[in-house]
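A.B. asks: Sharing upload25.pdb, PDB, C-alpha atoms:
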ATOM      1  CA  ILE A 238     173.686-128.519 106.581
ATOM      2  CA  LEU A 239     174.221-127.855 102.963
ATOM      3  CA  SER A 240     171.770-126.215 100.608
ATOM      4  CA  THR A 241     172.395-126.382  96.885
ATOM      5  CA  HIS A 242     171.060-123.678  94.925
ATOM      6  CA  HIS A 243     166.600-121.789  84.927
ATOM      7  CA  ALA A 244     164.795-119.076  83.751
ATOM      8  CA  SER A 245     163.409-119.163  80.260
ATOM      9  CA  ASP A 246     163.395-116.276  77.836
ATOM     10  CA  GLN A 247     159.612-116.495  77.542
ATOM     11  CA  PRO A 248     157.654-115.967  80.765
ATOM     12  CA  ALA A 249     156.100-119.252  81.847
ATOM     13  CA  GLY A 250     152.408-119.812  81.435
ATOM     14  CA  ILE A 251     151.738-116.836  79.165
ATOM     15  CA  LEU A 252     149.879-118.962  76.631
ATOM     16  CA  SER A 253     147.769-120.547  79.340
ATOM     17  CA  ALA A 254     147.029-117.261  81.062
ATOM     18  CA  CYS A 255     146.075-115.425  77.870
ATOM     19  CA  GLY A 256     144.040-117.096  75.185
ATOM     20  CA  THR A 257     143.530-114.240  72.726
ATOM     21  CA  PRO A 258     146.035-112.347  70.565
ATOM     22  CA  ASP A 259     144.919-109.032  72.067
ATOM     23  CA  CYS A 260     145.550-110.296  75.576
ATOM     24  CA  LYS A 261     148.986-111.585  74.637
ATOM     25  CA  GLU A 262     149.912-108.239  73.121
ATOM     26  CA  VAL A 263     148.864-106.410  76.282
ATOM     27  CA  VAL A 264     150.883-108.766  78.472
ATOM     28  CA  ALA A 265     153.913-108.519  76.186
ATOM     29  CA  ALA A 266     153.719-104.728  76.252
ATOM     30  CA  THR A 267     153.435-104.732  80.022
ATOM     31  CA  ILE A 268     156.480-106.958  80.361
ATOM     32  CA  GLU A 269     158.469-104.796  77.981
ATOM     33  CA  ARG A 270     157.744-101.813  80.232
ATOM     34  CA  GLU A 271     159.247-103.748  83.123
ATOM     35  CA  ILE A 272     162.607-104.174  81.378
ATOM     36  CA  ASP A 273     165.396-102.688  83.441
ATOM     37  CA  GLU A 274     166.765 -99.708  81.536
ATOM     38  CA  GLU A 275     170.316-100.306  82.743
ATOM     39  CA  THR A 276     170.649-104.052  82.230
ATOM     40  CA  GLY A 277     168.123-104.582  79.452
ATOM     41  CA  LYS A 278     166.831-107.654  81.297
ATOM     42  CA  LYS A 279     163.226-108.433  82.167
ATOM     43  CA  GLU A 280     162.300-108.127  85.807
ATOM     44  CA  GLU A 281     163.057-111.402  87.569
ATOM     45  CA  ILE A 282     159.527-111.946  88.865
ATOM     46  CA  TYR A 283     158.279-112.733  85.353
ATOM     47  CA  THR A 284     160.609-115.719  84.961
ATOM     48  CA  MET A 285     160.802-117.104  88.497
ATOM     49  CA  PHE A 286     158.088-119.747  88.113
ATOM     50  CA  GLN A 287     156.858-122.143  85.429
ATOM     51  CA  ALA A 288     153.540-123.887  84.887
ATOM     52  CA  ASP A 289     153.004-127.310  83.333
ATOM     53  CA  GLU A 290     150.612-128.136  80.503
ATOM     54  CA  ARG A 291     147.734-128.435  82.996
ATOM     55  CA  GLY A 292     148.336-124.982  84.426
ATOM     56  CA  ASN A 293     149.827-126.220  87.681
ATOM     57  CA  LEU A 294     153.020-124.884  89.206
ATOM     58  CA  VAL A 295     156.164-126.860  88.355
ATOM     59  CA  LEU A 296     157.599-128.053  91.670
ATOM     60  CA  ASN A 297     161.342-128.508  92.113
ATOM     61  CA  GLU A 298     164.227-127.126  94.126
ATOM     62  CA  THR A 299     164.403-123.980  91.988
ATOM     63  CA  THR A 300     160.739-123.310  92.765
ATOM     64  CA  ARG A 301     161.468-123.628  96.467
ATOM     65  CA  ILE A 302     164.417-121.248  96.279
ATOM     66  CA  ASN A 303     162.244-118.680  94.507
ATOM     67  CA  ILE A 304     159.482-119.094  97.097
ATOM     68  CA  GLU A 305     162.117-118.423  99.751
ATOM     69  CA  LYS A 306     163.251-115.297  97.884
ATOM     70  CA  LEU A 307     159.704-113.960  97.628
ATOM     71  CA  TYR A 308     159.182-114.552 101.329
ATOM     72  CA  ALA A 309     162.492-113.241 102.620
ATOM     73  CA  LEU A 310     163.284-110.311 100.339
ATOM     74  CA  ASN A 311     159.958-108.470 100.139
ATOM     75  CA  THR A 312     157.779-106.416 102.431
ATOM     76  CA  PRO A 313     154.063-107.354 102.434
ATOM     77  CA  GLU A 314     153.409-104.479 100.034
ATOM     78  CA  GLU A 315     156.230-105.524  97.689
ATOM     79  CA  LEU A 316     155.044-109.125  97.807
ATOM     80  CA  ALA A 317     151.502-108.095  96.887
ATOM     81  CA  GLU A 318     152.836-106.144  93.901
ATOM     82  CA  LYS A 319     154.947-109.074  92.721
ATOM     83  CA  MET A 320     152.001-111.428  93.056
ATOM     84  CA  ARG A 321     150.010-109.015  90.873
ATOM     85  CA  LYS A 322     152.739-109.196  88.241
ATOM     86  CA  LEU A 323     152.851-112.986  88.468
ATOM     87  CA  ALA A 324     149.128-113.066  87.689
ATOM     88  CA  THR A 325     149.920-111.684  84.224
ATOM     89  CA  VAL A 326     152.173-114.621  83.281
ATOM     90  CA  LEU A 327     150.926-117.607  85.300
ATOM     91  CA  PRO A 328     147.684-119.577  84.925
ATOM     92  CA  ASP A 329     145.240-119.117  87.798
ATOM     93  CA  ASN A 330     146.073-122.495  89.377
ATOM     94  CA  ALA A 331     149.824-121.891  89.365
ATOM     95  CA  HIS A 332     149.409-118.342  90.664
ATOM     96  CA  ARG A 333     147.223-119.564  93.517
ATOM     97  CA  GLN A 334     149.754-122.307  94.313
ATOM     98  CA  VAL A 335     152.576-119.757  94.577
ATOM     99  CA  ALA A 336     150.515-117.692  97.018
ATOM    100  CA  ASN A 337     149.720-120.771  99.112
ATOM    101  CA  LEU A 338     153.343-121.902  99.164
ATOM    102  CA  VAL A 339     154.547-118.507 100.360
ATOM    103  CA  ASP A 340     152.038-118.770 103.209
ATOM    104  CA  TYR A 341     153.112-122.345 104.011
ATOM    105  CA  PHE A 342     156.755-121.289 103.960
ATOM    106  CA  ASP A 343     156.029-118.483 106.392
ATOM    107  CA  LYS A 344     154.453-120.897 108.892
ATOM    108  CA  TYR A 345     157.232-123.462 108.357
ATOM    109  CA  THR A 346     159.957-120.869 108.939
ATOM    110  CA  ARG A 347     158.308-119.644 112.122
ATOM    111  CA  ASP A 348     158.119-123.204 113.478
ATOM    112  CA  VAL A 349     161.757-123.933 112.584
ATOM    113  CA  LYS A 350     162.959-120.795 114.393
ATOM    114  CA  GLU A 351     160.868-121.628 117.439
ATOM    115  CA  ILE A 352     161.889-125.289 117.663
ATOM    116  CA  TYR A 353     165.503-124.827 116.509
ATOM    117  CA  PRO A 354     166.582-121.301 117.556
ATOM    118  CA  PRO A 355     169.435-120.121 115.319
ATOM    119  CA  ASP A 356     171.530-119.146 118.362
ATOM    120  CA  LEU A 357     171.413-122.737 119.702
ATOM    121  CA  ALA A 358     173.511-124.755 117.274
ATOM    122  CA  PRO A 359     173.730-128.564 117.544
ATOM    123  CA  GLU A 360     176.693-129.713 119.615
ATOM    124  CA  THR A 361     177.174-133.276 118.339
ATOM    125  CA  VAL A 362     176.702-135.242 115.130
ATOM    126  CA  GLU A 363     173.798-137.001 116.809
ATOM    127  CA  ASP A 364     172.178-133.627 117.499
ATOM    128  CA  VAL A 365     172.574-132.695 113.828
ATOM    129  CA  LEU A 366     170.843-135.906 112.764
ATOM    130  CA  VAL A 367     167.992-135.364 115.219
ATOM    131  CA  GLN A 368     167.523-131.807 113.928
ATOM    132  CA  LEU A 369     167.529-132.961 110.292
ATOM    133  CA  LYS A 370     164.865-135.562 111.047
ATOM    134  CA  GLY A 371     162.824-132.979 112.932
ATOM    135  CA  MET A 372     162.983-130.511 110.049
ATOM    136  CA  HIS A 373     162.001-133.289 107.641
ATOM    137  CA  ASP A 374     158.896-133.933 109.734
ATOM    138  CA  LEU A 375     158.083-130.201 109.781
ATOM    139  CA  ARG A 376     158.355-130.080 105.992
ATOM    140  CA  LEU A 377     155.945-132.998 105.663
ATOM    141  CA  LEU A 378     153.558-131.258 108.074
ATOM    142  CA  HIS A 379     153.580-127.881 106.317
ATOM    143  CA  PHE A 380     153.989-128.823 102.656
ATOM    144  CA  GLY A 381     152.770-132.407 102.343
ATOM    145  CA  ALA A 382     154.827-135.357 101.135
ATOM    146  CA  ASP A 383     154.864-134.568  97.396
ATOM    147  CA  VAL A 384     155.846-130.910  97.720
ATOM    148  CA  ALA A 385     158.363-131.611 100.494
ATOM    149  CA  ARG A 386     160.006-134.256  98.310
ATOM    150  CA  ALA A 387     160.182-131.932  95.301
ATOM    151  CA  PHE A 388     161.533-129.066  97.396
ATOM    152  CA  TYR A 389     163.931-130.753  99.790
ATOM    153  CA  ALA A 390     164.811-134.321  98.714
ATOM    154  CA  ASP A 391     168.165-133.449  97.128
ATOM    155  CA  GLU A 392     169.198-131.198 100.007
ATOM    156  CA  GLU A 393     168.240-133.787 102.617
ATOM    157  CA  LYS A 394     170.138-136.495 100.743
ATOM    158  CA  ILE A 395     173.320-134.401 100.759
ATOM    159  CA  SER A 396     172.821-133.550 104.426
ATOM    160  CA  LEU A 397     172.549-137.249 105.304
ATOM    161  CA  GLN A 398     175.715-138.026 103.368
ATOM    162  CA  LEU A 399     177.531-135.280 105.266
ATOM    163  CA  ILE A 400     176.262-136.588 108.609
ATOM    164  CA  TYR A 401     177.431-140.115 107.771
ATOM    165  CA  LEU A 402     180.908-138.824 106.875
ATOM    166  CA  MET A 403     181.038-136.678 110.009
ATOM    167  CA  ALA A 404     180.072-139.681 112.131
ATOM    168  CA  ILE A 405     182.961-141.816 110.851
ATOM    169  CA  GLU A 406     185.553-139.037 111.242
ATOM    170  CA  LYS A 407     188.420-140.554 113.243
ATOM    171  CA  ASP A 408     189.950-137.284 114.462
ATOM    172  CA  LYS A 409     188.106-136.708 117.730
ATOM    173  CA  SER A 410     189.819-133.353 118.273
ATOM    174  CA  LEU A 411     187.895-131.703 115.437
ATOM    175  CA  SER A 412     185.006-129.394 116.232
ATOM    176  CA  LEU A 413     181.581-130.018 114.714
ATOM    177  CA  ASP A 414     182.175-127.270 112.142
ATOM    178  CA  GLU A 415     185.548-128.737 111.221
ATOM    179  CA  LYS A 416     184.010-132.174 110.806
ATOM    180  CA  ALA A 417     181.325-130.673 108.551
ATOM    181  CA  GLN A 418     183.943-128.888 106.446
ATOM    182  CA  ARG A 419     186.024-132.050 106.053
ATOM    183  CA  ALA A 420     182.928-134.110 105.213
ATOM    184  CA  GLN A 421     181.895-131.558 102.592
ATOM    185  CA  TYR A 422     185.364-131.645 101.046
ATOM    186  CA  LEU A 423     185.268-135.454 100.869
ATOM    187  CA  LEU A 424     181.773-135.407  99.402
ATOM    188  CA  GLN A 425     182.782-132.981  96.666
ATOM    189  CA  ASN A 426     186.121-134.596  95.816
ATOM    190  CA  SER A 427     185.472-138.308  96.226
ATOM    191  CA  PRO A 428     182.608-139.581  94.040
ATOM    192  CA  GLU A 429     183.264-143.147  95.199
ATOM    193  CA  LEU A 430     182.934-142.195  98.837
ATOM    194  CA  ALA A 431     179.820-140.144  98.140
ATOM    195  CA  ALA A 432     178.283-143.127  96.337
ATOM    196  CA  ALA A 433     179.145-145.448  99.214
ATOM    197  CA  TYR A 434     177.200-143.222 101.619
ATOM    198  CA  ASP A 435     174.323-142.460  99.280
ATOM    199  CA  PRO A 436     171.045-142.926 101.222
ATOM    200  CA  ASP A 437     169.403-144.090  97.973
ATOM    201  CA  ARG A 438     172.025-146.762  97.322
ATOM    202  CA  LYS A 439     170.537-150.233  96.998
TER     203      LYS A 439
END
Step by step, read the file and then write its structure as structure tokens.
C.D. replies:
Amino acid sequence: ILSTHHASDQPAGILSACGTPDCKEVVAATIEREIDEETGKKEEIYTMFQADERGNLVLNETTRINIEKLYALNTPEELAEKMRKLATVLPDNAHRQVANLVDYFDKYTRDVKEIYPPDLAPETVEDVLVQLKGMHDLRLLHFGADVARAFYADEEKISLQLIYLMAIEKDKSLSLDEKAQRAQYLLQNSPELAAAYDPDRK
């Protein structure tokens, strides 16, 4: 229902990917050539992902959003070129993980569109809850529990809070969209109410 959307100055993983001074100089020179002449900023692809000290991809919501951007905004040829550029700044493990996640996201997106066609919107709050649970199960299936939690936990928590607030809406004349808008307003402007309907509340 609601999706909430840090780039460092130094491209992530450069020390892990290049162990020699000569290599680092080549990579630095390559990146400098990719600086946009108009904005003076480095091309986004070099700062989209980070690796941890073990050379694995850092997994969080920002990583997911950038996986989505790679998938949705590039042709296969453009994606291949960006993956080539990523190889210059990410360790092998992290680079391979990005490629795998783009593939997983492709399969996940295809399943979501097939099971929940965008032109068939839920009609009731109960339908919204059923769809959220179904998408949660699809995320577990395609990404595994750890990645799905890192990618979607915050979004799913907010969605559940919205559904709870929509379910207790007393004005029965409101449409589903109007209930969602009112629930979102309450969630953003009433911290006490949001806390009361926090799925993680003990």
A.B. asks: Quick one: what's the axis-aligned box for region 389-401 of chain A, all listed atoms, 6 Å on every side, centre and edges in Å to one decimal, as AutoDock Vina command-line options?
C.D. replies:
--center_x 170.7 --center_y -135.4 --center_z 102.9 --size_x 25.6 --size_y 21.4 --size_z 23.5
A.B. asks: Please measure the separation of CA of Gly292 (chain A) and CA of Leu375 (chain A), giving the value in Å to one decimal.
C.D. replies: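 CA of Leu375 (chain A) lies at a distance of 27.7 Å from CA of Gly292 (chain A).
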A.B. asks: Grab the CA of Glu415 (chain A) to CA of Glu305 (chain A) distance for me, in Å with one decimal place.
C.D. replies: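 We find that CA of Glu415 (chain A) and CA of Glu305 (chain A) lie 28.1 Å from each other.
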A.B. asks: What is the CA of Leu296 (chain A) to CA of Arg321 (chain A) distance in Å?
C.D. replies: 20.5 Å
A.B. asks: Quick one: residues within 10 Å of Met403 (chain A), all atoms listed in the file counted, chain neighbours fewer than 6 positions away excluded, as an mmCIF file with C-alpha atoms, in the coordinates of the input?
C.D. replies:
data_model
loop_
_atom_site.group_PDB
_atom_site.id
_atom_site.type_symbol
_atom_site.label_atom_id
_atom_site.label_comp_id
_atom_site.auth_asym_id
_atom_site.auth_seq_id
_atom_site.Cartn_x
_atom_site.Cartn_y
_atom_site.Cartn_z
ATOM 1 C CA THR A 361 177.174 -133.276 118.339
ATOM 2 C CA VAL A 362 176.702 -135.242 115.130
ATOM 3 C CA GLU A 363 173.798 -137.001 116.809
ATOM 4 C CA LEU A 397 172.549 -137.249 105.304
ATOM 5 C CA LEU A 413 181.581 -130.018 114.714
ATOM 6 C CA ASP A 414 182.175 -127.270 112.142
ATOM 7 C CA GLU A 415 185.548 -128.737 111.221
ATOM 8 C CA LYS A 416 184.010 -132.174 110.806
ATOM 9 C CA ALA A 417 181.325 -130.673 108.551
ATOM 10 C CA GLN A 418 183.943 -128.888 106.446
ATOM 11 C CA ARG A 419 186.024 -132.050 106.053
ATOM 12 C CA ALA A 420 182.928 -134.110 105.213
ATOM 13 C CA GLN A 421 181.895 -131.558 102.592
#
A.B. asks: The PyMOL selection byres ((chain A and resi 332) around 12) - which residues does that actually catch in the file I just gave you? List them as JSON, numbers by chain.
C.D. replies: {"A": [249, 250, 251, 253, 254, 283, 285, 286, 287, 288, 292, 293, 294, 295, 304, 319, 320, 321, 322, 323, 324, 325, 326, 327, 328, 329, 330, 331, 333, 334, 335, 336, 337, 338, 339]}
A.B. asks: Determine the residue membership of the PyMOL selection byres ((chain A and resi 385) around 10) for the file above and supply it as a PyMOL selection string.
C.D. replies: chain A and resi 296-298+301+373-384+386-390
